[in-house]
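Student: Supplied structure: coords.cif, mmCIF, C-alpha atoms.
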data_start
#
loop_
_atom_site.group_PDB
_atom_site.id
_atom_site.type_symbol
_atom_site.label_atom_id
_atom_site.label_comp_id
_atom_site.auth_asym_id
_atom_site.auth_seq_id
_atom_site.Cartn_x
_atom_site.Cartn_y
_atom_site.Cartn_z
ATOM 1 C CA MET A 17 79.748 75.282 131.811
ATOM 2 C CA SER A 18 81.092 78.651 132.774
ATOM 3 C CA VAL A 19 84.605 79.926 132.424
ATOM 4 C CA LEU A 20 84.945 80.219 136.194
ATOM 5 C CA ASN A 21 83.804 76.587 136.680
ATOM 6 C CA LEU A 22 80.980 77.622 138.993
ATOM 7 C CA SER A 23 78.944 74.562 138.072
ATOM 8 C CA GLY A 24 81.549 72.089 139.388
ATOM 9 C CA PRO A 25 81.498 70.306 142.747
ATOM 10 C CA THR A 26 81.036 72.536 145.768
ATOM 11 C CA LEU A 27 82.878 72.472 149.060
ATOM 12 C CA ASP A 28 79.742 71.153 150.768
ATOM 13 C CA SER A 29 79.650 68.063 148.540
ATOM 14 C CA ALA A 30 83.311 67.329 149.317
ATOM 15 C CA LEU A 31 82.559 67.298 153.061
ATOM 16 C CA GLU A 32 79.588 64.958 152.865
ATOM 17 C CA PRO A 33 80.225 61.454 154.193
ATOM 18 C CA PRO A 34 80.257 58.695 151.603
ATOM 19 C CA ALA A 35 76.994 56.874 151.051
ATOM 20 C CA PRO A 36 76.668 53.682 153.096
ATOM 21 C CA PRO A 37 77.152 50.472 151.141
ATOM 22 C CA ARG A 38 74.022 48.991 149.668
ATOM 23 C CA PRO A 39 72.657 46.238 151.927
ATOM 24 C CA LYS A 40 73.145 42.695 150.701
ATOM 25 C CA ARG A 41 70.705 39.830 151.083
ATOM 26 C CA ALA A 42 71.617 37.249 153.724
ATOM 27 C CA TRP A 43 69.359 34.617 152.154
ATOM 28 C CA LEU A 44 71.226 34.987 148.852
ATOM 29 C CA ALA A 45 74.578 34.457 150.569
ATOM 30 C CA PHE A 46 73.082 31.369 152.217
ATOM 31 C CA VAL A 47 71.818 29.936 148.908
ATOM 32 C CA LEU A 48 75.056 30.727 147.061
ATOM 33 C CA SER A 49 77.025 28.856 149.724
ATOM 34 C CA LEU A 50 74.638 25.916 149.479
ATOM 35 C CA VAL A 51 75.333 25.656 145.754
ATOM 36 C CA VAL A 52 79.088 26.443 145.705
ATOM 37 C CA PRO A 53 80.997 26.524 149.015
ATOM 38 C CA GLY A 54 82.754 29.871 149.444
ATOM 39 C CA SER A 55 80.660 31.784 146.908
ATOM 40 C CA GLY A 56 78.392 33.230 149.612
ATOM 41 C CA GLN A 57 81.430 34.501 151.488
ATOM 42 C CA MET A 58 82.673 36.143 148.302
ATOM 43 C CA TYR A 59 79.239 37.752 147.843
ATOM 44 C CA ALA A 60 79.407 38.988 151.454
ATOM 45 C CA GLY A 61 82.660 40.799 150.656
ATOM 46 C CA ARG A 62 85.028 38.266 152.200
ATOM 47 C CA VAL A 63 86.693 37.241 148.972
ATOM 48 C CA ASN A 64 89.879 35.777 150.481
ATOM 49 C CA GLN A 65 87.930 33.623 152.932
ATOM 50 C CA GLY A 66 85.584 32.494 150.182
ATOM 51 C CA VAL A 67 88.423 31.471 147.875
ATOM 52 C CA CYS A 68 90.186 29.617 150.717
ATOM 53 C CA THR A 69 86.970 27.841 151.680
ATOM 54 C CA LEU A 70 86.339 26.805 148.083
ATOM 55 C CA LEU A 71 89.896 25.569 147.479
ATOM 56 C CA VAL A 72 90.207 23.608 150.730
ATOM 57 C CA PHE A 73 86.697 22.171 150.273
ATOM 58 C CA ALA A 74 87.568 21.018 146.745
ATOM 59 C CA LEU A 75 90.852 19.507 147.945
ATOM 60 C CA SER A 76 89.082 17.714 150.805
ATOM 61 C CA LEU A 77 86.474 16.386 148.399
ATOM 62 C CA LEU A 78 89.161 15.112 146.013
ATOM 63 C CA VAL A 79 91.001 13.352 148.858
ATOM 64 C CA THR A 80 87.691 11.855 150.047
ATOM 65 C CA ILE A 81 87.028 10.412 146.591
ATOM 66 C CA ALA A 82 90.622 9.253 146.016
ATOM 67 C CA ALA A 83 90.950 7.593 149.431
ATOM 68 C CA PHE A 84 87.406 6.245 149.731
ATOM 69 C CA GLY A 85 87.185 3.525 152.380
ATOM 70 C CA GLN A 86 90.475 4.477 154.010
ATOM 71 C CA THR A 87 91.046 6.430 157.202
ATOM 72 C CA VAL A 88 92.407 9.453 155.320
ATOM 73 C CA GLY A 89 89.265 9.540 153.205
ATOM 74 C CA GLY A 90 87.146 9.637 156.362
ATOM 75 C CA TYR A 91 89.116 12.550 157.770
ATOM 76 C CA ALA A 92 88.876 14.405 154.471
ATOM 77 C CA PHE A 93 85.117 13.791 154.400
ATOM 78 C CA VAL A 94 84.744 15.323 157.885
ATOM 79 C CA ALA A 95 86.838 18.303 156.771
ATOM 80 C CA ALA A 96 84.728 18.781 153.626
ATOM 81 C CA ASP A 97 81.473 18.595 155.608
ATOM 82 C CA SER A 98 82.790 21.005 158.224
ATOM 83 C CA LEU A 99 83.923 23.508 155.599
ATOM 84 C CA TYR A 100 80.592 23.254 153.799
ATOM 85 C CA ILE A 101 78.645 24.088 156.974
ATOM 86 C CA TYR A 102 81.174 26.745 158.003
ATOM 87 C CA GLY A 103 80.951 28.453 154.607
ATOM 88 C CA ILE A 104 77.150 28.608 154.759
ATOM 89 C CA LEU A 105 77.065 30.052 158.276
ATOM 90 C CA ASP A 106 79.948 32.464 157.734
ATOM 91 C CA ALA A 107 78.370 33.843 154.550
ATOM 92 C CA TYR A 108 74.949 34.305 156.154
ATOM 93 C CA PHE A 109 76.197 35.951 159.334
ATOM 94 C CA GLY A 110 78.854 37.905 157.413
ATOM 95 C CA VAL A 111 76.132 39.640 155.401
ATOM 96 C CA LEU A 112 74.138 40.378 158.560
ATOM 97 C CA GLU A 113 77.249 41.880 160.203
ATOM 98 C CA ARG A 114 78.036 43.911 157.077
ATOM 99 C CA ASN A 115 74.499 45.283 156.873
ATOM 100 C CA ALA A 116 74.556 46.198 160.581
ATOM 101 C CA GLY A 117 77.880 48.019 160.159
ATOM 102 C CA LEU A 118 79.785 45.518 162.294
ATOM 103 C CA ALA A 119 82.038 44.094 159.567
ATOM 104 C CA SER A 120 84.840 46.546 160.372
ATOM 105 C CA VAL A 121 84.694 45.553 164.052
ATOM 106 C CA ILE A 122 85.098 41.856 163.277
ATOM 107 C CA SER A 123 87.656 42.272 160.495
ATOM 108 C CA GLY A 124 90.844 40.433 161.219
ATOM 109 C CA ARG A 125 90.280 37.354 163.357
ATOM 110 C CA ASN A 126 86.874 35.858 162.656
ATOM 111 C CA PRO A 127 85.421 33.955 165.649
ATOM 112 C CA ARG A 128 83.575 31.534 163.326
ATOM 113 C CA THR A 129 86.885 30.628 161.685
ATOM 114 C CA ALA A 130 88.364 29.925 165.110
ATOM 115 C CA THR A 131 85.372 27.727 165.970
ATOM 116 C CA ALA A 132 85.711 25.749 162.739
ATOM 117 C CA LEU A 133 89.439 25.271 163.345
ATOM 118 C CA ASN A 134 88.773 24.082 166.889
ATOM 119 C CA PHE A 135 86.152 21.643 165.597
ATOM 120 C CA MET A 136 88.344 20.167 162.872
ATOM 121 C CA THR A 137 91.567 20.178 164.901
ATOM 122 C CA SER A 138 92.415 19.993 168.555
ATOM 123 C CA GLY A 139 92.590 23.638 169.577
ATOM 124 C CA PHE A 140 94.224 25.322 166.582
ATOM 125 C CA GLY A 141 91.444 27.914 166.544
ATOM 126 C CA TYR A 142 93.027 29.419 169.630
ATOM 127 C CA PHE A 143 96.347 29.698 167.801
ATOM 128 C CA TYR A 144 94.470 31.493 164.992
ATOM 129 C CA LEU A 145 93.160 33.999 167.560
ATOM 130 C CA GLY A 146 96.655 34.453 169.006
ATOM 131 C CA GLU A 147 95.845 32.734 172.308
ATOM 132 C CA ARG A 148 98.623 30.149 172.308
ATOM 133 C CA ALA A 149 98.278 29.087 175.941
ATOM 134 C CA LYS A 150 94.623 28.145 175.450
ATOM 135 C CA GLY A 151 95.546 26.309 172.251
ATOM 136 C CA VAL A 152 98.197 24.225 173.979
ATOM 137 C CA VAL A 153 95.849 23.403 176.878
ATOM 138 C CA MET A 154 93.059 22.393 174.489
ATOM 139 C CA PHE A 155 95.439 20.298 172.392
ATOM 140 C CA LEU A 156 96.708 18.456 175.479
ATOM 141 C CA MET A 157 93.223 17.986 176.964
ATOM 142 C CA VAL A 158 91.828 16.512 173.753
ATOM 143 C CA GLY A 159 94.873 14.228 173.450
ATOM 144 C CA VAL A 160 94.467 12.976 177.018
ATOM 145 C CA LEU A 161 90.730 12.483 176.515
ATOM 146 C CA ARG A 162 91.310 10.481 173.333
ATOM 147 C CA THR A 163 93.896 8.323 175.105
ATOM 148 C CA VAL A 164 91.628 7.653 178.085
ATOM 149 C CA LEU A 165 88.658 6.835 175.857
ATOM 150 C CA GLY A 166 90.869 4.630 173.692
ATOM 151 C CA LEU A 167 91.976 2.656 176.737
ATOM 152 C CA ALA A 168 88.455 2.432 178.159
ATOM 153 C CA PHE A 169 86.865 1.432 174.858
ATOM 154 C CA PRO A 170 89.426 -0.434 172.767
ATOM 155 C CA LYS A 171 88.615 -1.152 169.140
ATOM 156 C CA SER A 172 87.692 -4.722 168.475
ATOM 157 C CA PRO A 173 89.527 -6.488 165.611
#
Could I get this structure in the form of C-alpha coordinates?
Tutor:
Amino acid sequence: MSVLNLSGPTLDSALEPPAPPRPKRAWLAFVLSLVVPGSGQMYAGRVNQGVCTLLVFALSLLVTIAAFGQTVGGYAFVAADSLYIYGILDAYFGVLERNAGLASVISGRNPRTATALNFMTSGFGYFYLGERAKGVVMFLMVGVLRTVLGLAFPKSP
(Lines of atoms letter the chains of each structure in order from A and count residues from 1; the text may use other names and numbers.)
(Lines give C-alpha, C1' and ligand atoms only; values in the text may rest on other atoms or scores of the structure.)
Protein backbone atom coordinates (compact mmCIF):
# COMPACT_ATOMS: atom_id res chain seq x y z
CA MET A 1 0.00 0.00 0.00
CA SER A 2 1.40 3.34 -0.96
CA VAL A 3 1.40 6.52 1.04
CA LEU A 4 -0.81 8.22 -1.53
CA ASN A 5 -3.35 5.35 -1.39
CA LEU A 6 -3.11 4.75 -5.13
CA SER A 7 -4.10 1.11 -4.73
CA GLY A 8 -7.53 1.92 -3.24
CA PRO A 9 -10.86 1.93 -5.08
CA THR A 10 -10.95 3.99 -8.25
CA LEU A 11 -13.61 6.39 -9.44
CA ASP A 12 -14.59 3.92 -12.17
CA SER A 13 -15.43 1.21 -9.62
CA ALA A 14 -17.62 3.65 -7.67
CA LEU A 15 -19.69 4.37 -10.79
CA GLU A 16 -20.30 0.74 -11.72
CA PRO A 17 -23.84 -0.49 -11.12
CA PRO A 18 -24.25 -3.03 -8.35
CA ALA A 19 -24.17 -6.66 -9.37
CA PRO A 20 -27.62 -8.15 -9.99
CA PRO A 21 -28.90 -10.42 -7.24
CA ARG A 22 -28.05 -14.07 -7.64
CA PRO A 23 -30.98 -15.96 -9.19
CA LYS A 24 -32.94 -18.18 -6.85
CA ARG A 25 -34.45 -21.55 -7.69
CA ALA A 26 -38.22 -21.57 -8.16
CA TRP A 27 -38.43 -25.33 -7.57
CA LEU A 28 -36.74 -24.89 -4.18
CA ALA A 29 -39.26 -22.23 -3.16
CA PHE A 30 -42.01 -24.62 -4.24
CA VAL A 31 -40.61 -27.53 -2.19
CA LEU A 32 -39.95 -25.35 0.87
CA SER A 33 -43.57 -24.18 0.80
CA LEU A 34 -44.77 -27.77 0.47
CA VAL A 35 -42.90 -28.69 3.64
CA VAL A 36 -43.51 -25.54 5.74
CA PRO A 37 -46.10 -23.00 4.54
CA GLY A 38 -44.52 -19.56 4.22
CA SER A 39 -40.91 -20.75 4.10
CA GLY A 40 -40.79 -20.57 0.29
CA GLN A 41 -42.01 -16.99 0.42
CA MET A 42 -39.27 -16.18 2.92
CA TYR A 43 -36.72 -17.81 0.59
CA ALA A 44 -38.10 -15.71 -2.29
CA GLY A 45 -37.35 -12.55 -0.30
CA ARG A 46 -40.89 -11.87 0.90
CA VAL A 47 -40.19 -12.40 4.57
CA ASN A 48 -43.20 -10.50 5.95
CA GLN A 49 -45.62 -12.38 3.70
CA GLY A 50 -43.99 -15.68 4.58
CA VAL A 51 -44.24 -15.06 8.32
CA CYS A 52 -47.88 -13.96 7.99
CA THR A 53 -48.72 -17.02 5.90
CA LEU A 54 -47.05 -19.32 8.41
CA LEU A 55 -48.72 -17.74 11.45
CA VAL A 56 -52.23 -17.61 9.97
CA PHE A 57 -51.85 -21.15 8.60
CA ALA A 58 -50.80 -22.43 12.03
CA LEU A 59 -53.69 -20.59 13.71
CA SER A 60 -56.16 -21.98 11.16
CA LEU A 61 -54.80 -25.48 11.70
CA LEU A 62 -55.13 -25.14 15.48
CA VAL A 63 -58.73 -23.93 15.17
CA THR A 64 -59.47 -26.81 12.77
CA ILE A 65 -58.18 -29.34 15.30
CA ALA A 66 -59.82 -27.67 18.31
CA ALA A 67 -63.22 -27.29 16.62
CA PHE A 68 -63.23 -30.54 14.66
CA GLY A 69 -66.74 -31.46 13.53
CA GLN A 70 -68.12 -27.97 14.09
CA THR A 71 -68.85 -25.28 11.52
CA VAL A 72 -65.96 -23.11 12.71
CA GLY A 73 -63.59 -26.02 12.25
CA GLY A 74 -64.77 -26.41 8.65
CA TYR A 75 -64.17 -22.74 7.91
CA ALA A 76 -60.73 -22.90 9.51
CA PHE A 77 -59.91 -25.99 7.43
CA VAL A 78 -60.82 -24.14 4.21
CA ALA A 79 -58.67 -21.20 5.32
CA ALA A 80 -55.71 -23.49 6.10
CA ASP A 81 -56.01 -25.26 2.73
CA SER A 82 -56.30 -21.96 0.89
CA LEU A 83 -53.26 -20.51 2.64
CA TYR A 84 -51.26 -23.66 1.95
CA ILE A 85 -51.97 -23.47 -1.80
CA TYR A 86 -51.51 -19.69 -1.84
CA GLY A 87 -48.12 -19.96 -0.12
CA ILE A 88 -46.87 -22.53 -2.63
CA LEU A 89 -47.96 -20.52 -5.66
CA ASP A 90 -46.82 -17.17 -4.29
CA ALA A 91 -43.37 -18.54 -3.45
CA TYR A 92 -42.91 -20.16 -6.86
CA PHE A 93 -44.08 -17.18 -8.90
CA GLY A 94 -42.35 -14.74 -6.52
CA VAL A 95 -38.99 -16.31 -7.34
CA LEU A 96 -39.75 -16.22 -11.07
CA GLU A 97 -40.68 -12.51 -10.81
CA ARG A 98 -37.55 -11.77 -8.76
CA ASN A 99 -35.29 -13.54 -11.26
CA ALA A 100 -36.92 -11.68 -14.17
CA GLY A 101 -36.43 -8.33 -12.41
CA LEU A 102 -40.15 -7.77 -11.93
CA ALA A 103 -40.24 -7.95 -8.12
CA SER A 104 -39.87 -4.18 -7.77
CA VAL A 105 -42.79 -3.64 -10.16
CA ILE A 106 -45.12 -5.87 -8.14
CA SER A 107 -43.94 -4.73 -4.71
CA GLY A 108 -46.74 -3.32 -2.65
CA ARG A 109 -50.09 -4.88 -3.51
CA ASN A 110 -49.63 -8.46 -4.63
CA PRO A 111 -52.37 -9.65 -7.03
CA ARG A 112 -52.09 -13.24 -5.72
CA THR A 113 -52.81 -11.98 -2.21
CA ALA A 114 -55.90 -10.18 -3.50
CA THR A 115 -57.04 -13.37 -5.25
CA ALA A 116 -56.60 -15.44 -2.08
CA LEU A 117 -58.52 -12.85 -0.05
CA ASN A 118 -61.33 -12.85 -2.60
CA PHE A 119 -61.45 -16.65 -2.50
CA MET A 120 -61.55 -16.91 1.29
CA THR A 121 -63.83 -13.91 1.83
CA SER A 122 -66.48 -12.17 -0.19
CA GLY A 123 -64.53 -9.48 -2.00
CA PHE A 124 -62.01 -8.30 0.59
CA GLY A 125 -59.22 -8.72 -1.96
CA TYR A 126 -60.54 -5.62 -3.67
CA PHE A 127 -60.29 -3.69 -0.41
CA TYR A 128 -56.67 -4.90 -0.15
CA LEU A 129 -56.01 -3.43 -3.62
CA GLY A 130 -57.70 -0.16 -2.64
CA GLU A 131 -60.70 -0.67 -4.93
CA ARG A 132 -63.46 -0.26 -2.36
CA ALA A 133 -66.34 0.08 -4.81
CA LYS A 134 -65.54 -3.27 -6.42
CA GLY A 135 -65.20 -4.82 -2.96
CA VAL A 136 -68.62 -3.61 -1.87
CA VAL A 137 -70.23 -4.80 -5.12
CA MET A 138 -68.59 -8.23 -4.81
CA PHE A 139 -69.59 -8.52 -1.15
CA LEU A 140 -73.22 -7.68 -1.96
CA MET A 141 -73.34 -9.96 -5.02
CA VAL A 142 -71.98 -12.95 -3.11
CA GLY A 143 -74.43 -12.27 -0.26
CA VAL A 144 -77.39 -12.11 -2.64
CA LEU A 145 -76.23 -15.25 -4.44
CA ARG A 146 -75.91 -17.14 -1.15
CA THR A 147 -79.38 -16.00 -0.10
CA VAL A 148 -80.96 -17.02 -3.41
CA LEU A 149 -79.22 -20.41 -3.39
CA GLY A 150 -80.20 -20.90 0.25
CA LEU A 151 -83.85 -20.28 -0.59
CA ALA A 152 -83.74 -22.45 -3.71
CA PHE A 153 -81.93 -25.32 -2.01
CA PRO A 154 -82.82 -25.34 1.68
CA LYS A 155 -80.85 -27.59 4.00
CA SER A 156 -82.72 -30.66 5.07
CA PRO A 157 -82.83 -31.39 8.83
Student: Identify which of the residues A:Arg125, A:Arg162, A:Lys40, A:Lys171 lies closest to Glu113 in chain A, counting all atoms listed in the file when measuring atom-to-atom distances.
Tutor: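 Closest to Glu113 in chain A of all the choices is A:Lys40.
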Student: Going by the chain IDs and residue numbers used in this file, which residues fall under the PyMOL selection byres ((chain A and resi 61) around 10)? Write them as a PDB file with C-alpha atoms, keeping the file's coordinate frame.
Tutor:
ATOM      1  CA  LYS A  40      73.145  42.695 150.701  1.00  0.00           C
ATOM      2  CA  SER A  55      80.660  31.784 146.908  1.00  0.00           C
ATOM      3  CA  GLY A  56      78.392  33.230 149.612  1.00  0.00           C
ATOM      4  CA  GLN A  57      81.430  34.501 151.488  1.00  0.00           C
ATOM      5  CA  MET A  58      82.673  36.143 148.302  1.00  0.00           C
ATOM      6  CA  TYR A  59      79.239  37.752 147.843  1.00  0.00           C
ATOM      7  CA  ALA A  60      79.407  38.988 151.454  1.00  0.00           C
ATOM      8  CA  ARG A  62      85.028  38.266 152.200  1.00  0.00           C
ATOM      9  CA  VAL A  63      86.693  37.241 148.972  1.00  0.00           C
ATOM     10  CA  ASN A  64      89.879  35.777 150.481  1.00  0.00           C
ATOM     11  CA  GLN A  65      87.930  33.623 152.932  1.00  0.00           C
ATOM     12  CA  GLY A  66      85.584  32.494 150.182  1.00  0.00           C
ATOM     13  CA  ALA A 107      78.370  33.843 154.550  1.00  0.00           C
ATOM     14  CA  GLY A 110      78.854  37.905 157.413  1.00  0.00           C
ATOM     15  CA  VAL A 111      76.132  39.640 155.401  1.00  0.00           C
ATOM     16  CA  ARG A 114      78.036  43.911 157.077  1.00  0.00           C
ATOM     17  CA  ALA A 119      82.038  44.094 159.567  1.00  0.00           C
TER      18      ALA A 119
END
Student: Using only C-alpha atoms, determine which residues lie at most 9 Å from Leu50 in chain A, disregarding the query and same-chain residues fewer than 4 positions distant; provide the list as a VMD selection string.
Tutor: chain A and resid 45 to 46 55 to 56 100 to 101 103 to 104
Student: Using all atoms listed in the file for the distances, tell me which of A:Ala130, A:Leu112, A:Leu99, A:Leu167 is nearest to Val72 in chain A.
Tutor: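 Result for the nearest residue to Val72 in chain A: A:Leu99.
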Student: Between A:Met136, A:Val51, A:Val158, A:Val153, which residue has the minimum interatomic distance to Tyr91 in chain A, considering all atoms listed in the file?
Tutor: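 Result for the nearest residue to Tyr91 in chain A: A:Met136.
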Student: Starting from the displayed file, determine the output of the PyMOL selection byres ((chain A and resi 76) around 8) and express the residue list as a PyMOL selection string.
Tutor: chain A and resi 72-75+77-80+92-93+95-96
Student: Taking C-alpha atoms for each residue, export the selection above as a CSV table (one decimal), in the frame of the given file.
Tutor:
chain,number,residue,atom,x,y,z
A,72,VAL,CA,90.2,23.6,150.7
A,73,PHE,CA,86.7,22.2,150.3
A,74,ALA,CA,87.6,21.0,146.7
A,75,LEU,CA,90.9,19.5,147.9
A,77,LEU,CA,86.5,16.4,148.4
A,78,LEU,CA,89.2,15.1,146.0
A,79,VAL,CA,91.0,13.4,148.9
A,80,THR,CA,87.7,11.9,150.0
A,92,ALA,CA,88.9,14.4,154.5
A,93,PHE,CA,85.1,13.8,154.4
A,95,ALA,CA,86.8,18.3,156.8
A,96,ALA,CA,84.7,18.8,153.6
Student: Do you have the CA of Tyr142 in chain A-CA of Ala42 in chain A distance handy?
Tutor: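 Going from CA of Tyr142 in chain A over to CA of Ala42 in chain A covers 27.8 Å.
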Student: Which protein, DNA or RNA residues have an atom at most 10 Å from (86.8, 35.2, 169.3), counting only C-alpha atoms? List them as a list of chain:residue names.
Tutor: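 Collected hits near the coordinates: A:Ile122, A:Arg125, A:Asn126, A:Pro127, A:Arg128, A:Thr129, A:Ala130, A:Thr131, A:Gly141, A:Tyr142, A:Tyr144, A:Leu145, A:Gly146, A:Glu147.
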Student: So what do you get for CA of Ala116 in chain A versus CA of Arg41 in chain A, distance-wise?
Tutor: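 Between CA of Ala116 in chain A and CA of Arg41 in chain A the gap is 12.1 Å.
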